[in-house]
>>> print(open('coords.cif').read())   # mmCIF, N, CA and C atoms and all ligand atoms
data_data
#
loop_
_atom_site.label_atom_id
_atom_site.label_comp_id
_atom_site.auth_asym_id
_atom_site.auth_seq_id
_atom_site.Cartn_x
_atom_site.Cartn_y
_atom_site.Cartn_z
N MET A 27 0.84 -1.21 0.00
CA MET A 27 0.00 0.00 0.00
C MET A 27 0.87 1.24 0.00
N GLN A 28 0.64 2.10 -0.99
CA GLN A 28 1.38 3.37 -1.03
C GLN A 28 0.95 4.23 0.16
N ASP A 29 1.89 5.01 0.66
CA ASP A 29 1.58 5.95 1.74
C ASP A 29 1.19 5.30 3.05
N CYS A 30 1.46 4.00 3.20
CA CYS A 30 1.25 3.39 4.51
C CYS A 30 2.60 3.30 5.20
N ILE A 31 2.73 4.00 6.32
CA ILE A 31 4.01 4.09 7.02
C ILE A 31 4.48 2.70 7.50
N PHE A 32 3.54 1.88 7.94
CA PHE A 32 3.94 0.56 8.45
C PHE A 32 4.32 -0.40 7.31
N CYS A 33 3.74 -0.22 6.12
CA CYS A 33 4.21 -0.99 4.94
C CYS A 33 5.67 -0.65 4.69
N LYS A 34 5.98 0.63 4.72
CA LYS A 34 7.35 1.07 4.43
C LYS A 34 8.33 0.59 5.49
N ILE A 35 7.92 0.65 6.74
CA ILE A 35 8.79 0.17 7.82
C ILE A 35 8.94 -1.35 7.73
N ALA A 36 7.82 -2.06 7.58
CA ALA A 36 7.85 -3.53 7.59
C ALA A 36 8.74 -4.05 6.47
N ASN A 37 8.74 -3.35 5.34
CA ASN A 37 9.51 -3.82 4.18
C ASN A 37 10.88 -3.16 4.05
N GLY A 38 11.28 -2.42 5.08
CA GLY A 38 12.64 -1.90 5.15
C GLY A 38 12.88 -0.63 4.34
N GLU A 39 11.83 -0.01 3.80
CA GLU A 39 12.01 1.24 3.04
C GLU A 39 12.31 2.42 3.95
N ILE A 40 11.77 2.35 5.16
CA ILE A 40 12.05 3.36 6.19
C ILE A 40 12.69 2.61 7.34
N PRO A 41 13.85 3.08 7.82
CA PRO A 41 14.51 2.35 8.90
C PRO A 41 13.72 2.43 10.22
N ALA A 42 13.78 1.34 10.97
CA ALA A 42 13.15 1.31 12.30
C ALA A 42 13.99 0.41 13.17
N ALA A 43 13.89 0.59 14.47
CA ALA A 43 14.65 -0.22 15.42
C ALA A 43 14.04 -1.63 15.45
N THR A 44 14.66 -2.53 14.70
CA THR A 44 14.11 -3.88 14.51
C THR A 44 14.67 -4.85 15.54
N ILE A 45 13.78 -5.59 16.21
CA ILE A 45 14.25 -6.57 17.19
C ILE A 45 13.99 -8.00 16.73
N TYR A 46 13.26 -8.16 15.62
CA TYR A 46 13.03 -9.50 15.06
C TYR A 46 12.52 -9.32 13.63
N GLU A 47 12.91 -10.27 12.76
CA GLU A 47 12.38 -10.24 11.39
C GLU A 47 12.34 -11.65 10.84
N ASP A 48 11.27 -11.98 10.13
CA ASP A 48 11.23 -13.23 9.35
C ASP A 48 10.53 -12.92 8.03
N GLU A 49 10.14 -13.95 7.28
CA GLU A 49 9.59 -13.65 5.95
C GLU A 49 8.22 -12.96 6.01
N ASP A 50 7.49 -13.15 7.09
CA ASP A 50 6.14 -12.58 7.21
C ASP A 50 6.07 -11.29 8.03
N PHE A 51 6.98 -11.14 9.00
CA PHE A 51 6.84 -10.05 9.99
C PHE A 51 8.15 -9.33 10.26
N ARG A 52 7.99 -8.06 10.70
CA ARG A 52 9.09 -7.34 11.32
C ARG A 52 8.57 -6.85 12.68
N VAL A 53 9.40 -6.96 13.71
CA VAL A 53 9.03 -6.46 15.04
C VAL A 53 9.94 -5.28 15.36
N ILE A 54 9.29 -4.15 15.66
CA ILE A 54 10.05 -2.89 15.86
C ILE A 54 9.71 -2.28 17.21
N LEU A 55 10.61 -1.44 17.70
CA LEU A 55 10.31 -0.68 18.92
C LEU A 55 9.34 0.44 18.58
N ASP A 56 8.32 0.60 19.42
CA ASP A 56 7.33 1.67 19.25
C ASP A 56 7.97 3.03 19.53
N LEU A 57 7.68 4.01 18.68
CA LEU A 57 8.24 5.37 18.85
C LEU A 57 7.64 6.12 20.03
N GLY A 58 6.45 5.71 20.44
CA GLY A 58 5.79 6.36 21.58
C GLY A 58 5.46 5.32 22.63
N PRO A 59 6.47 4.74 23.23
CA PRO A 59 6.25 3.54 24.07
C PRO A 59 5.43 3.80 25.34
N ALA A 60 4.56 2.84 25.66
CA ALA A 60 3.83 2.88 26.93
C ALA A 60 4.76 2.50 28.07
N SER A 61 5.73 1.65 27.77
CA SER A 61 6.70 1.21 28.79
C SER A 61 8.00 0.88 28.07
N LYS A 62 9.07 0.65 28.85
CA LYS A 62 10.38 0.32 28.26
C LYS A 62 10.31 -1.00 27.51
N GLY A 63 10.57 -0.95 26.21
CA GLY A 63 10.57 -2.17 25.41
C GLY A 63 9.30 -2.38 24.60
N HIS A 64 8.33 -1.47 24.73
CA HIS A 64 7.08 -1.56 23.95
C HIS A 64 7.44 -1.74 22.47
N ALA A 65 6.92 -2.81 21.89
CA ALA A 65 7.27 -3.14 20.51
C ALA A 65 6.00 -3.46 19.72
N LEU A 66 6.14 -3.49 18.41
CA LEU A 66 5.00 -3.74 17.52
C LEU A 66 5.35 -4.85 16.54
N ILE A 67 4.45 -5.80 16.39
CA ILE A 67 4.60 -6.83 15.35
C ILE A 67 3.88 -6.32 14.11
N LEU A 68 4.63 -6.16 13.02
CA LEU A 68 4.04 -5.69 11.76
C LEU A 68 4.11 -6.79 10.71
N PRO A 69 2.98 -7.21 10.15
CA PRO A 69 3.08 -8.10 8.98
C PRO A 69 3.67 -7.32 7.80
N LYS A 70 4.43 -8.00 6.96
CA LYS A 70 5.03 -7.31 5.80
C LYS A 70 3.98 -6.99 4.74
N ALA A 71 2.92 -7.79 4.69
CA ALA A 71 1.82 -7.51 3.75
C ALA A 71 0.82 -6.58 4.42
N HIS A 72 0.17 -5.76 3.59
CA HIS A 72 -0.77 -4.78 4.15
C HIS A 72 -2.16 -5.37 4.37
N TYR A 73 -2.59 -5.35 5.61
CA TYR A 73 -3.99 -5.61 5.95
C TYR A 73 -4.34 -4.53 6.96
N ALA A 74 -5.49 -3.88 6.80
CA ALA A 74 -5.81 -2.74 7.65
C ALA A 74 -6.00 -3.16 9.10
N ASP A 75 -6.63 -4.32 9.30
CA ASP A 75 -7.03 -4.68 10.66
C ASP A 75 -7.39 -6.16 10.73
N VAL A 76 -7.90 -6.57 11.88
CA VAL A 76 -8.20 -7.99 12.11
C VAL A 76 -9.32 -8.50 11.19
N TYR A 77 -10.13 -7.56 10.68
CA TYR A 77 -11.21 -7.97 9.77
C TYR A 77 -10.66 -8.36 8.39
N GLU A 78 -9.48 -7.82 8.07
CA GLU A 78 -8.90 -8.07 6.73
C GLU A 78 -7.83 -9.16 6.73
N ILE A 79 -7.08 -9.27 7.80
CA ILE A 79 -5.93 -10.18 7.78
C ILE A 79 -6.41 -11.63 7.70
N PRO A 80 -5.78 -12.46 6.85
CA PRO A 80 -6.17 -13.86 6.81
C PRO A 80 -5.95 -14.51 8.18
N GLU A 81 -6.86 -15.39 8.57
CA GLU A 81 -6.78 -15.99 9.92
C GLU A 81 -5.47 -16.72 10.14
N GLU A 82 -4.95 -17.33 9.09
CA GLU A 82 -3.70 -18.09 9.26
C GLU A 82 -2.54 -17.15 9.64
N LEU A 83 -2.53 -15.95 9.01
CA LEU A 83 -1.47 -14.99 9.33
C LEU A 83 -1.70 -14.38 10.71
N ALA A 84 -2.96 -14.17 11.07
CA ALA A 84 -3.28 -13.68 12.42
C ALA A 84 -2.79 -14.70 13.45
N GLY A 85 -2.98 -15.97 13.15
CA GLY A 85 -2.50 -17.03 14.04
C GLY A 85 -0.99 -17.00 14.19
N LYS A 86 -0.31 -16.79 13.06
CA LYS A 86 1.16 -16.69 13.10
C LYS A 86 1.60 -15.48 13.93
N ALA A 87 0.84 -14.38 13.79
CA ALA A 87 1.18 -13.16 14.55
C ALA A 87 1.05 -13.42 16.05
N PHE A 88 0.01 -14.17 16.44
CA PHE A 88 -0.15 -14.41 17.88
C PHE A 88 0.89 -15.41 18.39
N ALA A 89 1.23 -16.38 17.55
CA ALA A 89 2.29 -17.32 17.95
C ALA A 89 3.61 -16.56 18.13
N LEU A 90 3.86 -15.61 17.23
CA LEU A 90 5.07 -14.79 17.36
C LEU A 90 5.00 -13.93 18.62
N ALA A 91 3.82 -13.39 18.90
CA ALA A 91 3.65 -12.57 20.12
C ALA A 91 4.00 -13.39 21.36
N ALA A 92 3.56 -14.63 21.39
CA ALA A 92 3.87 -15.50 22.54
C ALA A 92 5.37 -15.72 22.65
N ARG A 93 6.02 -15.96 21.51
CA ARG A 93 7.48 -16.17 21.53
C ARG A 93 8.21 -14.91 21.96
N MET A 94 7.79 -13.77 21.41
CA MET A 94 8.44 -12.49 21.74
C MET A 94 8.24 -12.15 23.22
N ALA A 95 7.05 -12.44 23.74
CA ALA A 95 6.78 -12.14 25.16
C ALA A 95 7.77 -12.88 26.06
N LYS A 96 8.02 -14.15 25.72
CA LYS A 96 8.95 -14.93 26.55
C LYS A 96 10.38 -14.41 26.42
N LYS A 97 10.77 -14.15 25.18
CA LYS A 97 12.13 -13.66 24.92
C LYS A 97 12.36 -12.29 25.57
N MET A 98 11.39 -11.39 25.41
CA MET A 98 11.54 -10.03 25.94
C MET A 98 11.48 -10.02 27.46
N THR A 99 10.62 -10.87 28.02
CA THR A 99 10.52 -10.93 29.49
C THR A 99 11.85 -11.39 30.09
N ALA A 100 12.49 -12.37 29.44
CA ALA A 100 13.78 -12.85 29.93
C ALA A 100 14.84 -11.76 29.78
N ALA A 101 14.83 -11.07 28.63
CA ALA A 101 15.88 -10.07 28.37
C ALA A 101 15.70 -8.80 29.19
N LEU A 102 14.45 -8.39 29.39
CA LEU A 102 14.18 -7.11 30.06
C LEU A 102 13.91 -7.29 31.56
N ARG A 103 13.72 -8.52 31.95
CA ARG A 103 13.36 -8.84 33.34
C ARG A 103 12.12 -8.06 33.78
N CYS A 104 11.12 -8.00 32.89
CA CYS A 104 9.88 -7.33 33.27
C CYS A 104 9.04 -8.29 34.12
N ASP A 105 7.99 -7.72 34.74
CA ASP A 105 7.20 -8.50 35.71
C ASP A 105 5.94 -9.10 35.12
N GLY A 106 5.59 -8.67 33.91
CA GLY A 106 4.39 -9.18 33.24
C GLY A 106 4.36 -8.60 31.85
N PHE A 107 3.26 -8.83 31.15
CA PHE A 107 3.25 -8.49 29.72
C PHE A 107 1.83 -8.30 29.23
N ASN A 108 1.56 -7.26 28.47
CA ASN A 108 0.28 -7.13 27.76
C ASN A 108 0.49 -7.33 26.26
N ILE A 109 -0.39 -8.12 25.66
CA ILE A 109 -0.42 -8.28 24.20
C ILE A 109 -1.75 -7.68 23.76
N LEU A 110 -1.66 -6.66 22.89
CA LEU A 110 -2.83 -5.83 22.61
C LEU A 110 -2.94 -5.58 21.12
N GLN A 111 -4.16 -5.50 20.62
CA GLN A 111 -4.33 -5.32 19.17
C GLN A 111 -5.61 -4.52 18.94
N ASN A 112 -5.49 -3.32 18.38
CA ASN A 112 -6.63 -2.41 18.22
C ASN A 112 -7.17 -2.42 16.79
N ASN A 113 -8.49 -2.35 16.65
CA ASN A 113 -9.11 -2.34 15.33
C ASN A 113 -10.16 -1.24 15.23
N LYS A 114 -9.94 -0.33 14.29
CA LYS A 114 -10.81 0.82 14.02
C LYS A 114 -10.58 1.91 15.09
N GLU A 115 -10.89 3.12 14.65
CA GLU A 115 -10.63 4.31 15.46
C GLU A 115 -11.25 4.21 16.85
N ILE A 116 -12.49 3.73 16.91
CA ILE A 116 -13.21 3.67 18.18
C ILE A 116 -12.46 2.80 19.20
N ALA A 117 -11.71 1.84 18.68
CA ALA A 117 -10.96 0.92 19.56
C ALA A 117 -9.52 1.39 19.78
N GLY A 118 -9.22 2.62 19.34
CA GLY A 118 -7.90 3.17 19.61
C GLY A 118 -6.88 2.97 18.51
N GLN A 119 -7.31 2.42 17.37
CA GLN A 119 -6.35 2.24 16.27
C GLN A 119 -6.03 3.59 15.63
N THR A 120 -4.74 3.87 15.47
CA THR A 120 -4.33 5.13 14.85
C THR A 120 -3.54 4.89 13.57
N VAL A 121 -2.95 3.72 13.42
CA VAL A 121 -2.25 3.37 12.18
C VAL A 121 -3.00 2.18 11.58
N PHE A 122 -3.48 2.37 10.35
CA PHE A 122 -4.42 1.40 9.80
C PHE A 122 -3.71 0.35 8.93
N HIS A 123 -2.71 -0.25 9.57
CA HIS A 123 -1.99 -1.42 9.06
C HIS A 123 -1.93 -2.34 10.28
N PHE A 124 -2.53 -3.52 10.18
CA PHE A 124 -2.62 -4.44 11.32
C PHE A 124 -1.30 -4.49 12.10
N HIS A 125 -1.38 -4.43 13.40
CA HIS A 125 -0.18 -4.60 14.24
C HIS A 125 -0.58 -5.10 15.61
N VAL A 126 0.34 -5.78 16.24
CA VAL A 126 0.14 -6.30 17.59
C VAL A 126 1.11 -5.57 18.52
N HIS A 127 0.57 -5.01 19.60
CA HIS A 127 1.41 -4.35 20.60
C HIS A 127 1.98 -5.38 21.58
N LEU A 128 3.27 -5.25 21.82
CA LEU A 128 3.93 -6.07 22.85
C LEU A 128 4.36 -5.09 23.95
N ILE A 129 3.72 -5.17 25.09
CA ILE A 129 3.95 -4.16 26.14
C ILE A 129 4.47 -4.82 27.41
N PRO A 130 5.79 -4.73 27.63
CA PRO A 130 6.34 -5.25 28.88
C PRO A 130 5.80 -4.46 30.06
N ARG A 131 5.51 -5.12 31.15
CA ARG A 131 4.99 -4.44 32.33
C ARG A 131 5.94 -4.59 33.51
N TYR A 132 6.07 -3.51 34.25
CA TYR A 132 7.00 -3.44 35.38
C TYR A 132 6.22 -2.95 36.59
N GLU A 133 6.54 -3.47 37.75
CA GLU A 133 5.92 -2.98 38.98
C GLU A 133 6.00 -1.45 39.00
N GLY A 134 4.87 -0.80 39.25
CA GLY A 134 4.84 0.66 39.39
C GLY A 134 5.05 1.43 38.10
N ASP A 135 4.83 0.78 36.93
CA ASP A 135 5.12 1.49 35.66
C ASP A 135 4.04 2.52 35.29
N GLY A 136 2.91 2.51 35.97
CA GLY A 136 1.87 3.53 35.72
C GLY A 136 1.11 3.35 34.42
N VAL A 137 1.37 2.27 33.70
CA VAL A 137 0.62 2.03 32.45
C VAL A 137 -0.82 1.69 32.82
N ASN A 138 -1.77 2.32 32.12
CA ASN A 138 -3.17 2.13 32.50
C ASN A 138 -3.98 1.58 31.32
N LEU A 139 -4.28 0.31 31.38
CA LEU A 139 -5.08 -0.31 30.31
C LEU A 139 -6.40 -0.83 30.90
N THR A 140 -6.87 -0.19 31.94
CA THR A 140 -8.04 -0.71 32.65
C THR A 140 -9.33 -0.02 32.18
N TRP A 141 -10.47 -0.59 32.54
CA TRP A 141 -11.77 0.03 32.26
C TRP A 141 -12.68 -0.23 33.45
N ALA A 142 -13.74 0.59 33.55
CA ALA A 142 -14.71 0.41 34.63
C ALA A 142 -15.53 -0.84 34.33
N GLN A 143 -15.57 -1.76 35.26
CA GLN A 143 -16.31 -3.00 35.02
C GLN A 143 -17.80 -2.78 35.06
N GLY A 144 -18.51 -3.29 34.07
CA GLY A 144 -19.97 -3.24 34.08
C GLY A 144 -20.52 -4.49 34.73
N THR A 145 -21.81 -4.80 34.42
CA THR A 145 -22.45 -6.01 34.96
C THR A 145 -23.13 -6.74 33.82
N LEU A 146 -22.94 -8.03 33.76
CA LEU A 146 -23.65 -8.83 32.77
C LEU A 146 -25.04 -9.14 33.34
N THR A 147 -26.06 -8.39 32.89
CA THR A 147 -27.41 -8.62 33.38
C THR A 147 -27.99 -9.86 32.71
N GLU A 148 -29.03 -10.41 33.31
CA GLU A 148 -29.70 -11.59 32.72
C GLU A 148 -30.25 -11.25 31.34
N GLU A 149 -30.79 -10.01 31.22
CA GLU A 149 -31.36 -9.59 29.94
C GLU A 149 -30.29 -9.50 28.85
N ASP A 150 -29.16 -8.87 29.20
CA ASP A 150 -28.05 -8.77 28.23
C ASP A 150 -27.55 -10.16 27.85
N LYS A 151 -27.42 -11.01 28.88
CA LYS A 151 -26.91 -12.36 28.62
C LYS A 151 -27.81 -13.08 27.62
N LYS A 152 -29.13 -12.95 27.81
CA LYS A 152 -30.09 -13.61 26.94
C LYS A 152 -29.97 -13.11 25.50
N THR A 153 -29.97 -11.78 25.33
CA THR A 153 -29.90 -11.25 23.95
C THR A 153 -28.54 -11.54 23.32
N LEU A 154 -27.50 -11.46 24.14
CA LEU A 154 -26.16 -11.72 23.58
C LEU A 154 -26.02 -13.18 23.15
N LEU A 155 -26.56 -14.07 23.97
CA LEU A 155 -26.48 -15.50 23.59
C LEU A 155 -27.32 -15.78 22.36
N GLU A 156 -28.42 -15.05 22.21
CA GLU A 156 -29.22 -15.21 20.99
C GLU A 156 -28.43 -14.79 19.76
N LYS A 157 -27.67 -13.69 19.92
CA LYS A 157 -26.89 -13.17 18.79
C LYS A 157 -25.60 -13.94 18.56
N LEU A 158 -24.99 -14.35 19.66
CA LEU A 158 -23.62 -14.88 19.56
C LEU A 158 -23.48 -16.35 19.91
N GLY A 159 -24.47 -16.90 20.56
CA GLY A 159 -24.33 -18.28 21.07
C GLY A 159 -24.16 -19.27 19.93
N LYS A 160 -23.54 -20.41 20.24
CA LYS A 160 -23.26 -21.41 19.18
C LYS A 160 -24.52 -22.14 18.77
P1 LIG B 1 -2.45 1.93 17.40
O1 LIG B 1 -2.90 3.15 18.18
O2 LIG B 1 -2.80 2.07 15.94
O3 LIG B 1 -2.87 0.62 17.99
O4 LIG B 1 -0.88 1.93 17.53
C1 LIG B 1 -0.04 2.68 16.74
C2 LIG B 1 1.31 2.68 17.43
O5 LIG B 1 2.31 2.97 16.46
C3 LIG B 1 1.45 3.71 18.54
O6 LIG B 1 1.83 3.06 19.74
C4 LIG B 1 2.53 4.66 18.02
O7 LIG B 1 3.37 5.12 19.04
C5 LIG B 1 3.28 3.80 17.02
N1 LIG B 1 3.84 4.50 15.88
C6 LIG B 1 3.20 5.39 15.07
N2 LIG B 1 4.01 5.79 14.07
C7 LIG B 1 5.18 5.12 14.25
C8 LIG B 1 6.42 5.13 13.52
O8 LIG B 1 6.61 5.81 12.51
N3 LIG B 1 7.40 4.31 13.99
C9 LIG B 1 7.23 3.52 15.10
N4 LIG B 1 8.26 2.75 15.48
N5 LIG B 1 6.09 3.51 15.81
C10 LIG B 1 5.08 4.29 15.40
ZN ZN B 2 0.47 -1.00 5.26
#
>>> encode(input="coords.cif", output="structure tokens", more="lines below")
Ligand code: 5GP
Ligand code: ZN
Amino acid sequence: MQDCIFCKIANGEIPAATIYEDEDFRVILDLGPASKGHALILPKAHYADVYEIPEELAGKAFALAARMAKKMTAALRCDGFNILQNNKEIAGQTVFHFHVHLIPRYEGDGVNLTWAQGTLTEEDKKTLLEKLGK
């Protein structure tokens, strides 16, 4: 995709701090990190989001996320890890080339990924199961 910054980074046209690369993905350090070591998994092919990416490649991306989490946790000695993936503006996506956030977590790091918990009412449960149940 022309004019997609992550296409250019993933394919090496624009330099980025790369911590892993294979034929499908490049993993780079995020320029605006939530915590020390915050990285992004970028597929080399352009897909805007989870609705577009083929499931097989999405599966590979998550398998890579699991591998990177273990490797980064050992190297950075972080205390935990968030794996995060945003789709569409409402969900916080700002770059419209699929990517997975790898966010190392440290005691007292102040990173806030929380939300106010609601309640699953009986009525909601019923309608949701009607719409989503198997
Ligand atoms: P989103 O909000 O779309 O889930 O995440 C976009 C992420 O990309 C943000 O965390 C932002 O800091 C990062 N980012 C945006 N532009 C660049 C860039 O040119 N280089 C790098 N390394 N990260 C970027
Ligand atoms: Zn792209």
>>> residues_around(input="coords.cif", residues="segment 114-126 of chain A", least_positions_apart="5", cutoff="6 Å", atoms="all atoms listed in the file", output="PyMOL selection string")
chain A and resi 65-69+73-76
>>> closest_residue(input="coords.cif", among="A:Leu90, A:Asn112, A:Thr99, A:Gly63", to="ligand LIG 1 (chain B)", atoms="only C-alpha atoms and all ligand atoms")
A:Asn112
>>> residues_around(input="coords.cif", residues="Ala36 of chain A", least_positions_apart="4", cutoff="7 Å", atoms="only N, CA and C atoms", output="list in words")
Ile31, Phe32, Ile40, Phe51, Arg52, Leu68, Pro69 and Lys70 of chain A
>>> atom_distance(input="coords.cif", atom1="atom CA of Pro80 of chain A", atom2="atom CA of Phe107 of chain A")
25.3 Å
>>> atom_distance(input="coords.cif", atom1="atom CA of Glu78 of chain A", atom2="atom P1 of ligand LIG 1 (chain B)")
16.0 Å
>>> residues_around(input="coords.cif", residues="Arg131 of chain A", least_positions_apart="2", cutoff="8 Å", atoms="all atoms listed in the file", output="VMD selection string")
chain A and resid 61 to 62 64 99 103 to 108 128 to 129 133 to 135 137
>>> atom_distance(input="coords.cif", atom1="atom N of Pro59 of chain A", atom2="atom O7 of ligand LIG 1 (chain B)")
5.2 Å
>>> axis_aligned_box(input="coords.cif", around="ligand LIG 1 (chain B)", padding_each_side="8 Å", output="AutoDock Vina command-line options")
--center_x 2.7 --center_y 3.2 --center_z 16.1 --size_x 27.2 --size_y 21.2 --size_z 23.2
>>> select_by_dssp(input="coords.cif", residues="segment 73-111 of chain A", states="strand (DSSP E)", output="list in words")
Gly106, Phe107, Asn108, Ile109 and Leu110 of chain A
>>> select_by_dssp(input="coords.cif", residues="chain A", states="helix (DSSP H, G or I)", output="ChimeraX atom specification")
/A:31-36,81-102,115-117,148-158
>>> closest_residue(input="coords.cif", among="A:Ala92, A:Ala87, A:Leu139, A:Ala101", to="Asp50 of chain A", atoms="only C-alpha atoms")
A:Ala87
>>> closest_residue(input="coords.cif", among="A:Glu39, A:Phe88, A:Leu102, A:Ala71", to="ligand ZN 2 (chain B)", atoms="all atoms listed in the file")
A:Ala71
>>> closest_residue(input="coords.cif", among="A:His72, A:His127, A:Lys160, A:Lys96", to="ligand LIG 1 (chain B)", atoms="all atoms listed in the file")
A:His127
>>> closest_residue(input="coords.cif", among="A:Ala91, A:Leu55, A:Cys33, A:Leu154", to="ligand LIG 1 (chain B)", atoms="all atoms listed in the file")
A:Leu55
>>> build_atoms(input="coords.cif", residues="segment 84-99 of chain A", atoms="N, CA, C and O atoms", output="compact mmCIF listing (two decimals), keeping the file's coordinate frame")
# COMPACT_ATOMS: atom_id res chain seq x y z
N ALA A 84 -2.96 -14.17 11.07
CA ALA A 84 -3.28 -13.68 12.42
C ALA A 84 -2.79 -14.70 13.45
O ALA A 84 -2.25 -14.33 14.51
N GLY A 85 -2.98 -15.97 13.15
CA GLY A 85 -2.50 -17.03 14.04
C GLY A 85 -0.99 -17.00 14.19
O GLY A 85 -0.46 -17.10 15.30
N LYS A 86 -0.31 -16.79 13.06
CA LYS A 86 1.16 -16.69 13.10
C LYS A 86 1.60 -15.48 13.93
O LYS A 86 2.60 -15.53 14.64
N ALA A 87 0.84 -14.38 13.79
CA ALA A 87 1.18 -13.16 14.55
C ALA A 87 1.05 -13.42 16.05
O ALA A 87 1.89 -13.00 16.84
N PHE A 88 0.01 -14.17 16.44
CA PHE A 88 -0.15 -14.41 17.88
C PHE A 88 0.89 -15.41 18.39
O PHE A 88 1.41 -15.26 19.50
N ALA A 89 1.23 -16.38 17.55
CA ALA A 89 2.29 -17.32 17.95
C ALA A 89 3.61 -16.56 18.13
O ALA A 89 4.35 -16.80 19.10
N LEU A 90 3.86 -15.61 17.23
CA LEU A 90 5.07 -14.79 17.36
C LEU A 90 5.00 -13.93 18.62
O LEU A 90 6.00 -13.76 19.32
N ALA A 91 3.82 -13.39 18.90
CA ALA A 91 3.65 -12.57 20.12
C ALA A 91 4.00 -13.39 21.36
O ALA A 91 4.68 -12.90 22.27
N ALA A 92 3.56 -14.63 21.39
CA ALA A 92 3.87 -15.50 22.54
C ALA A 92 5.37 -15.72 22.65
O ALA A 92 5.94 -15.67 23.76
N ARG A 93 6.02 -15.96 21.51
CA ARG A 93 7.48 -16.17 21.53
C ARG A 93 8.21 -14.91 21.96
O ARG A 93 9.14 -14.95 22.77
N MET A 94 7.79 -13.77 21.41
CA MET A 94 8.44 -12.49 21.74
C MET A 94 8.24 -12.15 23.22
O MET A 94 9.15 -11.63 23.87
N ALA A 95 7.05 -12.44 23.74
CA ALA A 95 6.78 -12.14 25.16
C ALA A 95 7.77 -12.88 26.06
O ALA A 95 8.32 -12.31 27.01
N LYS A 96 8.02 -14.15 25.72
CA LYS A 96 8.95 -14.93 26.55
C LYS A 96 10.38 -14.41 26.42
O LYS A 96 11.08 -14.23 27.42
N LYS A 97 10.77 -14.15 25.18
CA LYS A 97 12.13 -13.66 24.92
C LYS A 97 12.36 -12.29 25.57
O LYS A 97 13.38 -12.05 26.22
N MET A 98 11.39 -11.39 25.41
CA MET A 98 11.54 -10.03 25.94
C MET A 98 11.48 -10.02 27.46
O MET A 98 12.19 -9.26 28.12
N THR A 99 10.62 -10.87 28.02
CA THR A 99 10.52 -10.93 29.49
C THR A 99 11.85 -11.39 30.09
O THR A 99 12.32 -10.82 31.08
